[in-house]
file run25.cif (mmCIF, C-alpha atoms)
data_final
#
loop_
_atom_site.label_atom_id
_atom_site.label_comp_id
_atom_site.auth_asym_id
_atom_site.auth_seq_id
_atom_site.Cartn_x
_atom_site.Cartn_y
_atom_site.Cartn_z
CA MET A 21 25.48 -6.16 23.78
CA LYS A 22 22.29 -8.23 23.69
CA SER A 23 20.41 -5.72 21.56
CA SER A 24 23.20 -5.60 18.95
CA THR A 25 23.27 -9.42 18.80
CA LEU A 26 19.52 -9.46 18.31
CA LEU A 27 19.79 -6.85 15.57
CA VAL A 28 22.43 -8.91 13.74
CA ILE A 29 20.24 -12.02 13.95
CA LEU A 30 17.22 -10.14 12.59
CA VAL A 31 19.24 -8.71 9.68
CA LEU A 32 20.58 -12.17 8.80
CA GLN A 33 17.09 -13.66 8.91
CA ALA A 34 15.75 -10.91 6.65
CA ALA A 35 18.57 -11.52 4.16
CA LEU A 36 17.87 -15.26 4.21
CA ILE A 37 14.15 -14.74 3.58
CA MET A 38 14.85 -12.30 0.73
CA GLY A 39 17.22 -14.84 -0.83
CA ILE A 40 14.58 -17.56 -0.65
CA PHE A 41 11.96 -15.31 -2.29
CA ALA A 42 14.42 -14.34 -5.03
CA ALA A 43 15.19 -17.99 -5.78
CA VAL A 44 11.50 -18.92 -5.91
CA ALA A 45 10.70 -15.95 -8.16
CA LYS A 46 13.49 -16.87 -10.56
CA GLU A 47 12.40 -20.51 -10.64
CA ASN A 48 8.77 -19.59 -11.35
CA ALA A 49 9.80 -17.06 -14.04
CA VAL A 50 8.09 -14.17 -12.29
CA GLY A 51 8.85 -10.83 -13.87
CA GLU A 52 10.00 -9.85 -17.33
CA ASN A 53 10.42 -13.35 -18.72
CA LYS A 54 6.75 -14.23 -18.29
CA ALA A 55 4.77 -11.38 -19.82
CA ILE A 56 1.02 -11.50 -20.46
CA ASP A 57 0.06 -11.84 -24.12
CA ILE A 58 -2.42 -8.98 -24.59
CA ASN A 59 -4.95 -9.02 -27.42
CA PRO A 60 -5.21 -5.46 -28.81
CA GLY A 61 -8.76 -6.03 -30.07
CA GLN A 62 -12.03 -5.72 -28.16
CA LEU A 63 -14.89 -8.17 -27.83
CA LYS A 64 -18.30 -7.07 -29.14
CA CYS A 65 -19.91 -7.99 -25.82
CA CYS A 66 -19.14 -9.74 -22.51
CA THR A 67 -21.52 -10.64 -19.70
CA ASN A 68 -19.08 -12.32 -17.27
CA CYS A 69 -16.20 -9.86 -17.34
CA ASN A 70 -13.18 -10.10 -15.02
CA PHE A 71 -11.77 -6.56 -14.97
CA SER A 72 -8.67 -5.62 -13.02
CA PHE A 73 -7.56 -2.16 -12.00
CA SER A 74 -4.47 -2.60 -14.18
CA GLY A 75 -6.69 -2.04 -17.22
CA LEU A 76 -6.69 -5.70 -18.31
CA TYR A 77 -9.72 -7.95 -18.51
CA THR A 78 -10.77 -11.45 -19.49
CA CYS A 79 -14.25 -12.63 -20.44
CA ASP A 80 -15.63 -15.84 -18.90
CA ASP A 81 -18.64 -16.12 -21.22
CA LEU A 82 -19.36 -19.56 -22.63
CA VAL A 83 -20.85 -19.49 -26.12
CA ALA A 84 -22.54 -22.28 -28.08
CA LYS A 85 -20.84 -21.43 -31.37
CA LYS A 86 -17.29 -20.33 -32.03
CA CYS A 87 -15.80 -17.37 -30.19
CA ASP A 88 -15.80 -13.76 -31.36
CA PRO A 89 -13.56 -13.32 -34.45
CA VAL A 90 -11.31 -10.97 -32.40
CA CYS A 91 -10.41 -13.87 -30.07
CA LYS A 92 -7.00 -15.46 -30.71
CA LYS A 93 -7.25 -18.36 -28.20
CA CYS A 94 -10.67 -20.00 -28.25
CA VAL A 95 -10.90 -23.20 -26.20
CA ALA A 96 -13.61 -25.84 -26.09
CA VAL A 97 -15.20 -26.39 -22.67
CA GLN A 98 -17.27 -29.46 -21.87
CA THR A 99 -20.43 -28.62 -19.89
CA LYS A 100 -23.49 -30.61 -18.84
CA ALA A 101 -25.35 -29.03 -21.77
CA GLY A 102 -22.62 -30.09 -24.21
CA LYS A 103 -19.57 -28.49 -25.74
CA LYS A 104 -19.24 -24.71 -25.51
CA TYR A 105 -16.45 -22.26 -26.31
CA LYS A 106 -14.57 -19.69 -24.25
CA CYS A 107 -12.13 -16.97 -25.27
CA THR A 108 -9.07 -17.12 -23.00
CA ASP A 109 -7.43 -13.92 -24.28
CA THR A 110 -6.47 -11.03 -22.04
CA PHE A 111 -7.66 -7.69 -23.38
CA LEU A 112 -6.56 -4.13 -22.68
CA GLY A 113 -9.22 -1.53 -21.88
CA MET A 114 -12.76 -1.73 -20.59
CA CYS A 115 -15.20 -4.63 -20.90
CA GLY A 116 -17.66 -4.40 -23.74
CA PRO A 117 -21.44 -4.17 -23.28
CA LYS A 118 -23.29 -7.16 -21.85
CA CYS A 119 -24.45 -9.74 -24.37
#

call {"tool": "encode", "arguments": {"input": "run25.cif", "output": "structure tokens"}}
result
Amino acid sequence: MKSSTLLVILVLQAALIMGIFAAVAKENAVGENKAIDINPGQLKCCTNCNFSFSGLYTCDDLVAKKCDPVCKKCVAVQTKAGKKYKCTDTFLGMCGPKC
């Protein structure tokens, strides 16, 4: 009798935890609603490449002039040396050669 009561309590706790995770995931838009915008192009070069095993990469290079023409989202970054630019796109494939 005690083992069946314990089993019921464990199943209810597992269902409660799964419900909480489902609610949090829906609230944070995890899944199909929040897809990554992938740039189909490829950078000419990238020294600070963040490659993932999923086949996606981002480049953390800071450049003095404007970003590579392939870049869709180029943001200005303030550094101690002055304003520089960084491409915040996510690319599909392998990182390019080092700059």

call {"tool": "residues_around", "arguments": {"input": "run25.cif", "residues": "Phe111 (chain A)", "least_positions_apart": "5", "cutoff": "10 Å", "atoms": "all atoms listed in the file", "output": "tab-separated table (two decimals) with C-alpha atoms, keeping the file's coordinate frame"}}
result
chain	number	residue	atom	x	y	z
A	56	ILE	CA	1.02	-11.50	-20.46
A	57	ASP	CA	0.06	-11.84	-24.12
A	58	ILE	CA	-2.42	-8.98	-24.59
A	59	ASN	CA	-4.95	-9.02	-27.42
A	60	PRO	CA	-5.21	-5.46	-28.81
A	61	GLY	CA	-8.76	-6.03	-30.07
A	62	GLN	CA	-12.03	-5.72	-28.16
A	63	LEU	CA	-14.89	-8.17	-27.83
A	71	PHE	CA	-11.77	-6.56	-14.97
A	75	GLY	CA	-6.69	-2.04	-17.22
A	76	LEU	CA	-6.69	-5.70	-18.31
A	77	TYR	CA	-9.72	-7.95	-18.51
A	78	THR	CA	-10.77	-11.45	-19.49
A	79	CYS	CA	-14.25	-12.63	-20.44
A	91	CYS	CA	-10.41	-13.87	-30.07

call {"tool": "resolve_selection", "arguments": {"input": "run25.cif", "expression": "the PyMOL selection byres ((chain A and resi 68) around 7)", "output": "list of chain:residue names"}}
result
A:Cys66, A:Thr67, A:Cys69, A:Asn70, A:Cys79, A:Asp80, A:Asp81

call {"tool": "resolve_selection", "arguments": {"input": "run25.cif", "expression": "the PyMOL selection byres ((chain A and resi 107) around 7)", "output": "PyMOL selection string"}}
result
chain A and resi 79+87+91+93-95+105-106+108-109

call {"tool": "resolve_selection", "arguments": {"input": "run25.cif", "expression": "the PyMOL selection byres ((chain A and resi 83) around 6)", "output": "ChimeraX atom specification"}}
result
/A:82,84-85,104-105

call {"tool": "atom_distance", "arguments": {"input": "run25.cif", "atom1": "CA of Ala101 (chain A)", "atom2": "CA of Lys64 (chain A)"}}
result
24.2 Å

call {"tool": "atom_distance", "arguments": {"input": "run25.cif", "atom1": "CA of Gln98 (chain A)", "atom2": "CA of Lys86 (chain A)"}}
result
13.7 Å

call {"tool": "atom_distance", "arguments": {"input": "run25.cif", "atom1": "CA of Leu112 (chain A)", "atom2": "CA of Asp88 (chain A)"}}
result
15.9 Å

call {"tool": "closest_residue", "arguments": {"input": "run25.cif", "among": "A:Val90, A:Ile37, A:Val97, A:Cys65", "to": "Cys115 (chain A)", "atoms": "all atoms listed in the file"}}
result
A:Cys65

call {"tool": "closest_residue", "arguments": {"input": "run25.cif", "among": "A:Gly113, A:Gly102, A:Pro89, A:Ala96", "to": "Phe73 (chain A)", "atoms": "only C-alpha atoms"}}
result
A:Gly113
